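**Student:** Please read through the structure below; I'll follow up with questions.
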Amino acid sequence: MKKLIVIIAIIAVVLVVGSILALKFVTGSNNSKQEKPVLVSLNKEILTNLSSEGSMFHYIKVSVSLEVVNDSAAKIIEADMPRVRDEIISVFNGTKISELSTPAGIEQVKAKIVQRLNSLLNAKIVRKVLFTDMVVQ
């Protein structure tokens, strides 16, 4: 009888431990810390021309912040700021005012900036582009 109780107790412990491990595996939770994204503000606003439509010239004045994956990525962005700013200006120079007239168009420009910056830096470190101020004329 005592052997039966011991066997049942061992089976119960194995089932409980197995269930806990399976739950952690399925939910993907672990004890390693995930790094929080970091916001990097470009040190000054960008003022540049947009792609012309006919004889009209249009300009954009925008303040930009970049959401990057971690502190190391923020240091990379800050160290390469002139090339980062140049790439963003290049995107705006190829953008028409009509593309910035709708929320969907603005999101497409932001996505293009993310893609171009990640390509420039040879790594997927930029998650999101935020326009904190924007004036189009």
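In the structure tokens, chains take the letters A, B, ... in the order shown, each chain's residues start at 1, and ligands count up from 1 in the order shown.
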Please return as a VMD selection string: the residues of region 56-129 of chain A that backbone DSSP assigns to helix (DSSP H, G or I).
**Tutor:** chain A and resid 71 to 79 81 to 93 97 to 100 103 to 121
**Student:** Compile the contact shell of Lys110 (chain A) as a list in words: residues with an atom at most 10 Å away, counting only C-alpha atoms, same-chain residues fewer than 5 positions apart removed.
**Tutor:** Ile88, Val91, Ala104, Gly105, Gln115, Arg116, Lys128, Val129, Leu130 and Phe131 of chain A
**Student:** Limited to N, CA and C atoms, could you put the picked residues into a file as a PDB file, in the first residue's frame?
**Tutor:**
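See again.pdb below for the written result:
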ATOM      1  N   ILE A  88      16.630  60.566 -44.505  1.00  0.00           N
ATOM      2  CA  ILE A  88      15.259  61.052 -44.302  1.00  0.00           C
ATOM      3  C   ILE A  88      14.959  62.190 -45.274  1.00  0.00           C
ATOM      4  N   VAL A  91      14.253  60.833 -48.668  1.00  0.00           N
ATOM      5  CA  VAL A  91      12.888  60.300 -48.791  1.00  0.00           C
ATOM      6  C   VAL A  91      11.903  61.436 -49.045  1.00  0.00           C
ATOM      7  N   ALA A 104      -3.018  57.791 -44.449  1.00  0.00           N
ATOM      8  CA  ALA A 104      -2.433  56.597 -45.066  1.00  0.00           C
ATOM      9  C   ALA A 104      -1.159  56.944 -45.823  1.00  0.00           C
ATOM     10  N   GLY A 105      -1.155  58.082 -46.496  1.00  0.00           N
ATOM     11  CA  GLY A 105       0.042  58.522 -47.216  1.00  0.00           C
ATOM     12  C   GLY A 105       1.188  58.820 -46.275  1.00  0.00           C
ATOM     13  N   GLN A 115      12.274  51.547 -43.674  1.00  0.00           N
ATOM     14  CA  GLN A 115      12.940  50.606 -44.582  1.00  0.00           C
ATOM     15  C   GLN A 115      14.284  51.155 -45.037  1.00  0.00           C
ATOM     16  N   ARG A 116      14.320  52.422 -45.423  1.00  0.00           N
ATOM     17  CA  ARG A 116      15.566  53.026 -45.921  1.00  0.00           C
ATOM     18  C   ARG A 116      16.622  53.139 -44.820  1.00  0.00           C
ATOM     19  N   LYS A 128      10.044  52.285 -35.727  1.00  0.00           N
ATOM     20  CA  LYS A 128       8.958  53.204 -36.023  1.00  0.00           C
ATOM     21  C   LYS A 128       9.511  54.610 -36.190  1.00  0.00           C
ATOM     22  N   VAL A 129       8.836  55.410 -37.012  1.00  0.00           N
ATOM     23  CA  VAL A 129       9.166  56.819 -37.182  1.00  0.00           C
ATOM     24  C   VAL A 129       8.003  57.629 -36.637  1.00  0.00           C
ATOM     25  N   LEU A 130       8.324  58.627 -35.838  1.00  0.00           N
ATOM     26  CA  LEU A 130       7.303  59.507 -35.269  1.00  0.00           C
ATOM     27  C   LEU A 130       7.559  60.929 -35.741  1.00  0.00           C
ATOM     28  N   PHE A 131       6.531  61.576 -36.276  1.00  0.00           N
ATOM     29  CA  PHE A 131       6.625  62.992 -36.629  1.00  0.00           C
ATOM     30  C   PHE A 131       6.022  63.764 -35.454  1.00  0.00           C
TER      31      PHE A 131
END
**Student:** Could you give me, as a ChimeraX atom specification, each residue of chain A that DSSP assigns to strand (DSSP E or B) when run on this structure's backbone?
**Tutor:** /A:38-41,46-49,51,53,56,59-68,96,126-136
**Student:** Mind checking which residues fall within 9 Å of region 42-48 of chain A, counting only C-alpha atoms, ignoring those fewer than 5 positions away in the same chain, and posting them as a list in words?
**Tutor:** His58, Tyr59, Ile60, Lys61, Val62, Ser63, Val64, Ser65, Leu66, Glu78, Met81, Val84, Arg85, Ile88, Ile89, Phe92, Asn93 and Asp133 of chain A
**Student:** Would you mind telling me which residue in A:Leu117, A:Gln137, A:Val109, A:Met1 lies nearest to Pro82 (chain A) when using only C-alpha atoms?
**Tutor:**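 Under the stated criterion, the closest residue is A:Leu117.
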**Student:** For the atom pair CA of Ile77 (chain A) and CA of Ser41 (chain A), what is the interatomic distance in Å to one decimal place?
**Tutor:** 9.8 Å
**Student:** So the first atom is CA of Ser51 (chain A) and the second is CA of Glu87 (chain A); what is the distance between them in Å, to one decimal place?
**Tutor:**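 One can read the CA of Ser51 (chain A) to CA of Glu87 (chain A) distance as 14.9 Å.
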**Student:** CA of Glu67 (chain A) and CA of Val38 (chain A) are how many Å apart?
**Tutor:**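 We find that CA of Glu67 (chain A) and CA of Val38 (chain A) lie 5.6 Å from each other.
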**Student:** Near Val69 (chain A), counting only C-alpha atoms, which residues have an atom at most 8 Å away, once you skip same-chain residues fewer than 5 positions from it, shown as a ChimeraX atom specification?
**Tutor:** /A:35-38,74,125-127
**Student:** With only C-alpha atoms as the atoms that count, which of A:Gln108, A:Ser90, A:Asn70, A:Ser98 lies nearest to Lys124 (chain A)?
**Tutor:**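 Closest candidate: A:Asn70.
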**Student:** So which one's closest to Asn49 (chain A), A:Val114, A:Val136, A:Leu100, A:Val6? Using only C-alpha atoms, please.
**Tutor:**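 Result for the nearest residue to Asn49 (chain A): A:Val136.
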**Student:** Which is closer to Met56 (chain A) than all the others in A:Met134, A:Ala9, A:Ile97, A:Leu121, using only C-alpha atoms?
**Tutor:**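 Looking at the shortest contact to Met56 (chain A), the residue is A:Ile97.
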